[in-house]
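Raw upload-v5.csv, CSV, C-alpha atoms:
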chain,number,residue,atom,x,y,z
A,1,MET,CA,0.0,0.0,0.0
A,2,ALA,CA,1.6,3.2,-1.1
A,3,LEU,CA,2.3,6.1,1.3
A,4,HIS,CA,3.3,9.7,0.4
A,5,LYS,CA,4.3,11.7,3.4
A,6,ILE,CA,6.4,10.3,6.3
A,7,ASN,CA,7.8,12.0,9.3
A,8,ARG,CA,10.3,10.5,11.7
A,9,ILE,CA,9.2,8.1,14.4
A,10,THR,CA,9.4,9.7,17.9
A,11,GLN,CA,9.6,8.2,21.4
A,12,ALA,CA,6.0,9.3,21.9
A,13,ASP,CA,5.1,7.2,18.7
A,14,HIS,CA,6.8,4.2,20.2
A,15,ILE,CA,4.7,4.5,23.4
A,16,ARG,CA,1.5,5.1,21.4
A,17,VAL,CA,2.0,2.1,19.2
A,18,THR,CA,3.0,-0.2,22.1
A,19,GLU,CA,-0.1,0.8,24.1
A,20,ALA,CA,-2.3,0.2,21.0
A,21,VAL,CA,-0.8,-3.3,20.6
A,22,ALA,CA,-1.4,-4.1,24.2
A,23,ALA,CA,-5.0,-2.8,24.1
A,24,ALA,CA,-5.8,-4.7,20.8
A,25,GLU,CA,-4.4,-8.0,22.3
A,26,GLU,CA,-6.7,-7.8,25.3
A,27,HIS,CA,-9.6,-9.0,23.1
A,28,THR,CA,-7.9,-11.5,20.9
A,29,SER,CA,-5.6,-14.5,21.0
A,30,GLY,CA,-3.8,-13.0,18.0
A,31,GLU,CA,-0.4,-11.5,18.5
A,32,ILE,CA,0.5,-8.2,16.7
A,33,VAL,CA,4.1,-7.3,15.9
A,34,THR,CA,4.9,-3.8,14.6
A,35,ILE,CA,8.1,-3.0,12.8
A,36,VAL,CA,9.3,0.3,11.2
A,37,THR,CA,12.4,0.7,9.2
A,38,ASP,CA,14.1,3.6,7.4
A,39,LEU,CA,14.8,1.6,4.2
A,40,SER,CA,14.0,-1.9,3.1
A,41,ASP,CA,16.7,-2.2,0.4
A,42,HIS,CA,19.7,-0.1,-0.8
A,43,TYR,CA,18.9,-0.9,-4.5
A,44,GLU,CA,22.6,-1.1,-5.4
A,45,ASP,CA,21.6,-3.0,-8.6
A,46,ILE,CA,19.5,0.0,-9.7
A,47,GLY,CA,22.5,2.3,-9.4
A,48,LEU,CA,24.6,-0.2,-11.5
A,49,PHE,CA,21.9,-0.5,-14.1
A,50,TRP,CA,21.5,3.3,-14.7
A,51,ALA,CA,25.3,3.7,-14.7
A,52,SER,CA,25.5,1.1,-17.4
A,53,VAL,CA,22.7,2.7,-19.4
A,54,ALA,CA,24.5,6.1,-19.2
A,55,ALA,CA,27.7,4.5,-20.4
A,56,PHE,CA,26.1,2.8,-23.4
A,57,LEU,CA,24.1,5.9,-24.3
A,58,ALA,CA,27.4,7.8,-24.3
A,59,LEU,CA,28.9,5.1,-26.6
A,60,ALA,CA,26.0,5.6,-29.0
A,61,CYS,CA,26.5,9.3,-29.0
A,62,TYR,CA,30.2,8.9,-29.7
A,63,GLY,CA,29.3,6.6,-32.7
A,64,LEU,CA,26.7,9.0,-34.0
A,65,PHE,CA,28.6,12.2,-33.7
A,66,PRO,CA,32.3,11.3,-33.9
A,67,ASP,CA,33.4,14.6,-35.4
A,68,PHE,CA,31.8,16.6,-32.6
A,69,TYR,CA,33.6,14.7,-29.9
A,70,LEU,CA,36.9,14.6,-31.7
A,71,GLY,CA,36.5,18.4,-32.0
A,72,LEU,CA,36.1,18.6,-28.2
A,73,VAL,CA,39.2,16.5,-27.7
A,74,ASN,CA,41.2,18.8,-30.0
A,75,GLY,CA,39.8,21.8,-28.2
A,76,MET,CA,41.1,20.5,-24.9
A,77,SER,CA,44.5,19.9,-26.4
A,78,GLY,CA,44.8,23.5,-27.4
A,79,GLY,CA,43.1,23.4,-30.8
A,80,TRP,CA,45.7,21.4,-32.5
A,81,ALA,CA,44.1,18.9,-34.8
A,82,HIS,CA,45.5,15.4,-34.7
A,83,ASP,CA,45.1,12.4,-37.0
A,84,TYR,CA,44.2,9.8,-34.4
A,85,SER,CA,44.8,6.1,-35.0
A,86,THR,CA,42.0,3.5,-34.5
A,87,GLY,CA,43.7,2.4,-31.3
A,88,GLU,CA,43.8,5.9,-29.9
A,89,ILE,CA,40.2,6.5,-30.7
A,90,MET,CA,39.2,3.2,-29.1
A,91,ALA,CA,41.2,4.1,-26.0
A,92,MET,CA,39.5,7.5,-25.7
A,93,ILE,CA,36.1,5.9,-26.1
A,94,PHE,CA,36.9,3.3,-23.4
A,95,VAL,CA,38.1,6.0,-21.0
A,96,ALA,CA,35.1,8.2,-21.7
A,97,MET,CA,32.7,5.3,-21.1
A,98,VAL,CA,34.4,4.4,-17.8
A,99,LEU,CA,34.3,8.0,-16.6
A,100,LYS,CA,30.6,8.2,-17.6
A,101,TRP,CA,29.8,5.0,-15.8
A,102,VAL,CA,31.7,5.9,-12.6
A,103,GLY,CA,30.3,9.4,-12.6
A,104,THR,CA,26.7,8.2,-12.9
A,105,TRP,CA,27.3,5.5,-10.3
A,106,LEU,CA,28.7,8.1,-7.8
A,107,ILE,CA,25.7,10.4,-8.4
A,108,LEU,CA,23.3,7.6,-7.7
A,109,LYS,CA,25.0,6.9,-4.4
A,110,TRP,CA,22.5,9.6,-3.3
A,111,ILE,CA,19.6,7.5,-2.0
A,112,PRO,CA,16.7,9.9,-2.8
A,113,LEU,CA,17.8,10.0,-6.5
A,114,ARG,CA,18.3,6.2,-6.6
A,115,LEU,CA,14.8,5.7,-5.1
A,116,ALA,CA,13.3,8.1,-7.6
A,117,LEU,CA,14.8,6.1,-10.5
A,118,THR,CA,13.7,2.8,-9.0
A,119,PRO,CA,10.4,1.5,-10.6
A,120,LYS,CA,7.5,1.4,-8.2
A,121,ALA,CA,6.9,-2.3,-8.8
A,122,ILE,CA,10.5,-3.1,-7.8
A,123,LYS,CA,10.1,-1.1,-4.5
A,124,MET,CA,6.8,-2.8,-3.8
A,125,THR,CA,8.3,-6.2,-4.4
A,126,ARG,CA,11.4,-5.6,-2.2
A,127,VAL,CA,9.4,-4.0,0.7
A,128,ARG,CA,7.1,-7.0,0.6
A,129,ALA,CA,10.0,-9.4,0.5
A,130,ARG,CA,11.7,-7.7,3.5
A,131,ALA,CA,8.4,-7.8,5.4
A,132,ILE,CA,8.0,-11.5,4.7
A,133,ASN,CA,11.6,-12.2,5.7
A,134,LEU,CA,11.2,-10.3,9.0
A,135,PHE,CA,7.9,-12.1,9.6
A,136,LYS,CA,9.5,-15.5,9.1
A,137,VAL,CA,12.3,-14.7,11.4
A,138,GLY,CA,10.4,-13.1,14.3
A,139,THR,CA,6.7,-13.9,14.0
A,140,GLU,CA,5.8,-17.0,11.9
A,141,ALA,CA,5.0,-20.0,14.0
A,142,LYS,CA,6.2,-18.2,17.2
A,143,THR,CA,2.8,-18.5,18.8
A,144,VAL,CA,1.0,-21.7,19.9
A,145,GLY,CA,-2.0,-21.1,17.7
A,146,ARG,CA,0.0,-19.7,14.8
A,147,THR,CA,-1.9,-16.4,15.2
A,148,GLY,CA,0.9,-13.9,14.8
A,149,VAL,CA,0.6,-10.9,12.4
A,150,LEU,CA,3.2,-8.3,11.3
A,151,LEU,CA,2.5,-4.6,10.5
A,152,TYR,CA,5.6,-3.3,8.7
A,153,LEU,CA,6.3,0.3,7.6
A,154,SER,CA,9.2,1.2,5.3
A,155,MET,CA,9.8,4.9,5.6
A,156,LYS,CA,11.8,5.9,2.5
A,157,GLU,CA,9.9,3.7,0.1
A,158,HIS,CA,6.7,5.1,1.5
A,159,ARG,CA,5.1,1.6,1.8
A,160,ALA,CA,3.5,-0.6,4.4
A,161,GLU,CA,2.7,-4.3,4.5
A,162,ILE,CA,0.6,-6.7,6.7
A,163,VAL,CA,1.8,-10.3,6.8
A,164,ALA,CA,-0.2,-12.9,8.8
A,165,ASP,CA,0.5,-16.3,10.2
A,166,GLU,CA,-0.9,-19.5,8.8
A,167,GLU,CA,-4.1,-19.7,10.9
A,168,ILE,CA,-5.0,-16.1,10.3
A,169,ALA,CA,-4.3,-16.2,6.6
A,170,LYS,CA,-6.8,-19.1,6.3
A,171,LEU,CA,-9.6,-16.8,7.5
A,172,VAL,CA,-8.5,-13.3,6.7
A,173,THR,CA,-7.8,-12.3,3.1
A,174,PRO,CA,-5.5,-9.4,2.4
A,175,GLU,CA,-8.4,-7.3,1.4
A,176,ILE,CA,-9.9,-7.5,4.9
A,177,TRP,CA,-7.0,-5.5,6.2
A,178,GLY,CA,-8.1,-2.6,4.1
A,179,ASP,CA,-9.5,-0.5,6.9
A,180,ALA,CA,-6.2,-0.9,8.8
A,181,MET,CA,-4.2,0.2,5.8
A,182,VAL,CA,-6.5,3.1,5.1
A,183,ALA,CA,-6.2,4.3,8.7
A,184,LEU,CA,-2.4,4.1,8.4
A,185,ILE,CA,-2.2,6.0,5.1
A,186,GLU,CA,-4.5,8.8,6.2
A,187,ARG,CA,-2.5,9.6,9.3
A,188,VAL,CA,0.9,9.1,7.8
A,189,LYS,CA,-0.1,11.6,5.0
A,190,ALA,CA,-1.0,14.0,7.8
A,191,GLY,CA,2.5,13.7,9.2
A,192,GLN,CA,1.5,11.4,12.1
A,193,PRO,CA,3.2,8.0,11.4
A,194,GLY,CA,2.9,6.9,15.0
A,195,GLU,CA,-0.8,7.6,15.2
A,196,GLY,CA,-1.2,5.9,11.9
A,197,MET,CA,0.4,2.7,13.1
A,198,ALA,CA,-1.5,2.8,16.3
A,199,GLU,CA,-4.8,3.2,14.5
A,200,ALA,CA,-3.9,0.4,12.1
A,201,VAL,CA,-3.2,-1.8,15.1
A,202,ARG,CA,-6.6,-0.9,16.5
A,203,GLN,CA,-8.3,-1.9,13.2
A,204,MET,CA,-6.3,-5.1,13.1
A,205,GLY,CA,-7.3,-5.9,16.6
A,206,ILE,CA,-11.0,-5.6,15.6
A,207,VAL,CA,-10.5,-8.1,12.8
A,208,LEU,CA,-8.5,-10.5,15.0
A,209,ALA,CA,-11.1,-10.3,17.8
A,210,GLU,CA,-13.8,-11.3,15.4
A,211,HIS,CA,-12.0,-14.4,14.1
A,212,PHE,CA,-9.7,-15.2,17.1
A,213,PRO,CA,-11.4,-14.1,20.3
A,214,LYS,CA,-9.4,-14.2,23.5
A,215,GLY,CA,-9.4,-17.6,25.2
A,216,HIS,CA,-9.0,-18.5,28.9
A,217,GLU,CA,-5.3,-18.9,28.5
A,218,ASN,CA,-3.7,-16.2,26.4
A,219,PRO,CA,0.0,-15.7,27.1
A,220,ASN,CA,1.7,-12.7,25.5
A,221,GLU,CA,4.1,-14.6,23.2
A,222,LEU,CA,5.4,-11.8,21.0
A,223,PRO,CA,6.7,-8.3,21.9
A,224,ASP,CA,4.1,-5.5,22.1
A,225,ARG,CA,6.7,-2.7,21.6
A,226,LEU,CA,7.3,-1.0,18.3
A,227,ILE,CA,10.5,-2.4,16.8
A,228,GLU,CA,12.6,0.2,14.9
A,229,LEU,CA,15.2,-1.2,12.6

Represent the structure from my file as structure tokens, please.
Amino acid sequence: MALHKINRITQADHIRVTEAVAAAEEHTSGEIVTIVTDLSDHYEDIGLFWASVAAFLALACYGLFPDFYLGLVNGMSGGWAHDYSTGEIMAMIFVAMVLKWVGTWLILKWIPLRLALTPKAIKMTRVRARAINLFKVGTEAKTVGRTGVLLYLSMKEHRAEIVADEEIAKLVTPEIWGDAMVALIERVKAGQPGEGMAEAVRQMGIVLAEHFPKGHENPNELPDRLIEL
């Protein structure tokens, strides 16, 4: 689910989300885990891709306008024309491509630009993959009834995910979490990420209480606190 405006998570947000998780779990045997992270992936391959594209575009330009670029080279050498050999021309093209590649790669070390040039589908896939990985490590099958559910927020990608354990997934389709995601989005857009997560947790608690009401024995098996990575 895409988000558009994110502020930093504060200590007050940590308290707010932790209290929301504890309150939601009073009415359900489900266990809610909340995780927020600054970035789900560094997208190094995207930087390498665009650097390679820039280098090959430069090569195409050298091939299409050789006289122009040779004129630039002559200009840098004081205006003296030179009859370059094939080997010299190839060497100059190779050096120019390497410089273009390295320059583009260095520019794309700036994360905001790299994220801007990363297709939305790739960001969505990697945030989802990170959420699933974290779920498998810290939530999946960690409760007796397999009733754990993860709410994951990735700040710089502006995305959130809900991943549920086996027993929950059998009864609750992803669409049912819609109210929780809408609640999160509305408040995050308003610059209240902590309140957004807390409200999403409250909505998730309503769903869980309907399908997994609290039993006589309901140990707190997963942490209530907001985990910031």

Between CA of His27 (chain A) and CA of Val207 (chain A), distance in Å (one decimal):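 We find that CA of His27 (chain A) and CA of Val207 (chain A) lie 10.4 Å from each other.
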
Do you have the CA of Ile32 (chain A)-CA of His158 (chain A) distance handy?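 We find that CA of Ile32 (chain A) and CA of His158 (chain A) lie 21.1 Å from each other.
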
Enter the distance from CA of Gly148 (chain A) to CA of Leu208 (chain A), in Å, rounded to one decimal. 10.0 Å

When you look at Glu166 (chain A) with a cut-off of 7 Å (counting all atoms listed in the file), what residues show up, excluding the ones that are within fewer than 3 positions of it in the same chain? I need them as an mmCIF file with C-alpha atoms, in the coordinates of the input.
data_model
loop_
_atom_site.group_PDB
_atom_site.id
_atom_site.type_symbol
_atom_site.label_atom_id
_atom_site.label_comp_id
_atom_site.auth_asym_id
_atom_site.auth_seq_id
_atom_site.Cartn_x
_atom_site.Cartn_y
_atom_site.Cartn_z
ATOM 1 C CA ARG A 146 0.000 -19.700 14.800
ATOM 2 C CA ALA A 169 -4.300 -16.200 6.600
ATOM 3 C CA LYS A 170 -6.800 -19.100 6.300
#

I'd like the neighbourhood of Thr104 (chain A) as number ranges by chain, where a residue qualifies if any of its atoms comes within 8 Å (using all atoms listed in the file), though same-chain residues fewer than 3 positions away should be ignored. A: 50-51, 54, 100-101, 107-108

Identify which of the residues A:Thr118, A:Glu221, A:Thr147, A:Ser40 lies closest to Asn133 (chain A), counting all atoms listed in the file when measuring atom-to-atom distances.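 Under the stated criterion, the closest residue is A:Ser40.
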
Region 184-188 of chain A: which residues within 12 Å, counting only C-alpha atoms, same-chain residues fewer than 3 positions away excluded, as a PyMOL selection string? chain A and resi 1-9+13+17+151-155+158-162+177-181+191-204
